[in-house]
Amino acid sequence: MRHIPEEELHAYLDQALSRAQAVEIESHLAHCAACREARDGIARLRDRTTALLSTLGPGRTVVAPPFAELRRRHLARSARRASLVRGMVWAASLVGAVGLGYAAHSWRDATATPPAAAPALAATPTPAPTPAATLPVTTVATRAPEAPRRATSAAAPGRASSATELAAQEHLAAPAGVPASGLWRNETFERAVEAGLTVPRVAGLPVLQIQVQEASPSSVVAVDQQLGSGEVVRTVEGPAQQVSALDRSAVASLTPGAAPTPSSASVRNGNRMLLMTGRVPAESLRALLARVKTH
Amino acid sequence: MADDLEQLYQSTFTSVVRFLYRKVWDLDRAQDLAQEVFVRAMAHRPEKPRAWVFAVAANLARDEARAAVRRKKHLTLLTNDPIVAPAGEPDAQDLVEQDERLATVHRALAELTPRDREVLLLWDAGLSYPEIAAQTGLALGAVGTTLARARKRLVAAHERLTAGSMDDAAHS
């Protein structure tokens, strides 16, 4: 008589079989000592695997941050998305074809990097994207946060369309206070790391955005993160000369609100500098600064 | 609907972190990525959120690994050596022994083929056979076969690696 193949015993023990299949296996096991023995061996193997893998835990207890924190992060993201879209619409209407060209250009940039989730989505039976999501206009909306944001200064090198730049400055501007000493662009964490950039951040805090400014000899990277209290802190890392030249009070005035006044803390390491600003007490900033990871 | 996601978050966050940890081997990074997964879930509102969450987590981990390879750090990832001590109460001797045990399991896991490892980790993270099949592209019937092979190889590799350090095992 046919014995039960081992993969079926695995599936049986994993409770991955239908009730009918399980019954069939159980009735066979009832009168087949060899298969019972095989089942026991596989049960031991299975337990052993689980035990081995459980030693590979993260080593310390993982505590899920409050769900509200994630919701805030999600809302912050949608809000930026919405304001960016409004800005783009405004810019387009103001400068007509030039504005459209700019938006289209941004859109191409943004879509050049496929969303990380796409391949997995394709492989799972999750619902296909709604038809609307494939329309370019919606794509602009959903991918917009990754489009380059530009904040320009009068001193910025002349570019092809100053009207577009002006619109960008007013409506697509990076958060208030980004120093107007160069162009800041938004980056995703993955892309920044891929580009070999240092991404200074406090582990465990939600990242709101990452911005990069080209500088010499290497780029300046600014990371905005949200504290549990809702305050936003910005961490900037780069060549000491460039970082120290940033207007700290301006960099700190990220979030509206009165108290506490923006403060900053910095640490210099050779020719590099790490700067942190936010509307939190200076000693909190110094404590946070000590927790910043730069790899 | 939001409540469903919150419930899933409460019940699954730890599993997602564990799953990611075994791929990126950095707890802080695993937690960052896990949060990112759930923030994305809020925007996407997937119909099968549990499977979706692990699919996106696997993707983020894969991107991370690719980036690591580009940074030429792949040697540490591939050999999984040395093991970074998990943070905890550092009790010198215990920690050393724990590190060695960890390192052995870590190496044994590294000996599996990527597909076997993926299926095993997904199973261990609590996914069902159909969910694993959907995520890996395997036929449903092949999941049991793959798991059977992966379990055998993991335990065999671990035994072989442990036998290699018999001297250490003798006095413990």
# chains A, B, ... in the order shown; residues from 1 in each chain; ligands from 1
>>> interface_residues(of="chain B", to="chain A", cutoff="7 Å", atoms="only C-alpha atoms", output="number ranges by chain")
B: 6, 13-14, 18, 21, 27-28, 31-32, 39, 42, 46-48, 55-56, 59-60, 64, 67, 70-71, 86-88, 102, 105, 129, 134-135, 137, 144-145, 148, 151, 155
>>> write_last_selection(atoms="C-alpha atoms", output="PDB file, in the first residue's frame")
ATOM      1  CA  GLU B   6      -4.817  48.760  13.494  1.00  0.00           C
ATOM      2  CA  PHE B  13       4.082  44.170  13.925  1.00  0.00           C
ATOM      3  CA  THR B  14       6.372  41.945  15.965  1.00  0.00           C
ATOM      4  CA  ARG B  18      11.262  39.420  13.238  1.00  0.00           C
ATOM      5  CA  TYR B  21      15.370  41.214  11.146  1.00  0.00           C
ATOM      6  CA  LEU B  27      16.934  45.505  14.578  1.00  0.00           C
ATOM      7  CA  ASP B  28      16.637  49.270  14.292  1.00  0.00           C
ATOM      8  CA  GLN B  31      11.759  48.328  12.909  1.00  0.00           C
ATOM      9  CA  ASP B  32      12.088  51.308  10.584  1.00  0.00           C
ATOM     10  CA  VAL B  39       2.378  53.409   6.731  1.00  0.00           C
ATOM     11  CA  MET B  42      -2.617  52.911   5.223  1.00  0.00           C
ATOM     12  CA  PRO B  46      -4.932  46.286   0.521  1.00  0.00           C
ATOM     13  CA  GLU B  47      -7.752  43.808   0.437  1.00  0.00           C
ATOM     14  CA  LYS B  48      -5.690  41.027   1.950  1.00  0.00           C
ATOM     15  CA  ALA B  55       4.951  40.896   0.538  1.00  0.00           C
ATOM     16  CA  VAL B  56       5.938  44.548   0.907  1.00  0.00           C
ATOM     17  CA  ASN B  59      10.362  43.680  -1.060  1.00  0.00           C
ATOM     18  CA  LEU B  60      11.815  46.359   1.162  1.00  0.00           C
ATOM     19  CA  GLU B  64      17.898  46.868   1.214  1.00  0.00           C
ATOM     20  CA  ALA B  67      21.662  48.453  -1.833  1.00  0.00           C
ATOM     21  CA  ARG B  70      26.102  47.941  -4.151  1.00  0.00           C
ATOM     22  CA  ARG B  71      27.806  49.376  -1.123  1.00  0.00           C
ATOM     23  CA  PRO B  86      21.851  41.680  19.950  1.00  0.00           C
ATOM     24  CA  ALA B  87      21.372  44.426  22.456  1.00  0.00           C
ATOM     25  CA  GLY B  88      20.189  43.277  25.831  1.00  0.00           C
ATOM     26  CA  LEU B 102      23.223  32.556  17.283  1.00  0.00           C
ATOM     27  CA  VAL B 105      22.025  29.121  13.427  1.00  0.00           C
ATOM     28  CA  TYR B 129       0.586  27.785   2.585  1.00  0.00           C
ATOM     29  CA  ALA B 134       1.065  33.663  -3.591  1.00  0.00           C
ATOM     30  CA  GLN B 135       4.097  35.555  -2.397  1.00  0.00           C
ATOM     31  CA  GLY B 137       5.069  32.254  -6.992  1.00  0.00           C
ATOM     32  CA  GLY B 144       5.078  21.527   1.477  1.00  0.00           C
ATOM     33  CA  THR B 145       7.913  20.042  -0.586  1.00  0.00           C
ATOM     34  CA  ALA B 148      10.227  19.779   3.982  1.00  0.00           C
ATOM     35  CA  ARG B 151      13.668  22.122   7.411  1.00  0.00           C
ATOM     36  CA  VAL B 155      18.721  21.098  10.877  1.00  0.00           C
TER      37      VAL B 155
END
>>> residues_around(residues="A:Leu289", least_positions_apart="4", cutoff="8 Å", atoms="only C-alpha atoms", output="list in words")
Val202, Ala265, Ser266, Leu275, Met276 and Leu285 of chain A
>>> atom_distance(atom1="atom CA of B:Ala150", atom2="atom CA of B:Asp116")
5.2 Å
>>> select_by_dssp(residues="stretch 206-243 of chain A", states="strand (DSSP E or B)", output="PyMOL selection string")
chain A and resi 207-213+220-226+232-239
>>> residues_around(residues="A:Glu231", least_positions_apart="5", cutoff="8 Å", atoms="only C-alpha atoms", output="PyMOL selection string")
chain A and resi 226+255+278-280
>>> residues_around(residues="A:Ala222", least_positions_apart="5", cutoff="6 Å", atoms="only C-alpha atoms", output="mmCIF file with C-alpha atoms, in the first residue's frame")
data_model
loop_
_atom_site.group_PDB
_atom_site.id
_atom_site.type_symbol
_atom_site.label_atom_id
_atom_site.label_comp_id
_atom_site.auth_asym_id
_atom_site.auth_seq_id
_atom_site.Cartn_x
_atom_site.Cartn_y
_atom_site.Cartn_z
ATOM 1 C CA ILE A 210 14.935 63.125 3.367
ATOM 2 C CA GLN A 211 16.435 66.004 1.446
ATOM 3 C CA THR A 235 19.159 66.220 11.412
ATOM 4 C CA VAL A 236 21.703 67.540 8.942
#
>>> residues_around(residues="B:Pro49", least_positions_apart="5", cutoff="9 Å", atoms="only C-alpha atoms", output="compact mmCIF listing (two decimals) with C-alpha atoms, in the first residue's frame")
# COMPACT_ATOMS: atom_id res chain seq x y z
CA THR A 126 -4.28 41.36 -3.80
CA ASP B 4 -8.87 46.33 10.84
CA LEU B 5 -5.48 47.69 9.94
CA LEU B 8 -3.44 43.75 12.13
CA ALA B 41 -0.62 49.91 4.00
CA PHE B 54 4.64 40.50 4.29
>>> atom_distance(atom1="atom CA of A:Ala33", atom2="atom CA of A:Leu13")
17.0 Å
>>> atom_distance(atom1="atom CA of B:Ile132", atom2="atom CA of B:Leu147")
10.5 Å
>>> residues_around(residues="A:Arg272", least_positions_apart="4", cutoff="9 Å", atoms="only C-alpha atoms", output="NGL selection string")
:A and (237-241 or 243 or 267-268)
>>> write_last_selection(atoms="C-alpha atoms", output="PDB file, in the first residue's frame")
ATOM      1  CA  GLU A 237      24.987  65.886   8.064  1.00  0.00           C
ATOM      2  CA  GLY A 238      27.633  67.053   5.657  1.00  0.00           C
ATOM      3  CA  PRO A 239      30.929  68.841   5.217  1.00  0.00           C
ATOM      4  CA  ALA A 240      31.481  71.004   8.301  1.00  0.00           C
ATOM      5  CA  GLN A 241      31.845  74.184   6.272  1.00  0.00           C
ATOM      6  CA  VAL A 243      26.602  72.564   7.588  1.00  0.00           C
ATOM      7  CA  VAL A 267      28.855  67.931  16.877  1.00  0.00           C
ATOM      8  CA  ARG A 268      31.907  68.153  14.686  1.00  0.00           C
TER       9      ARG A 268
END
>>> closest_residue(among="B:Leu161, B:Leu112, B:Val53, B:Ala125", to="B:Thr146", atoms="only C-alpha atoms")
B:Leu112
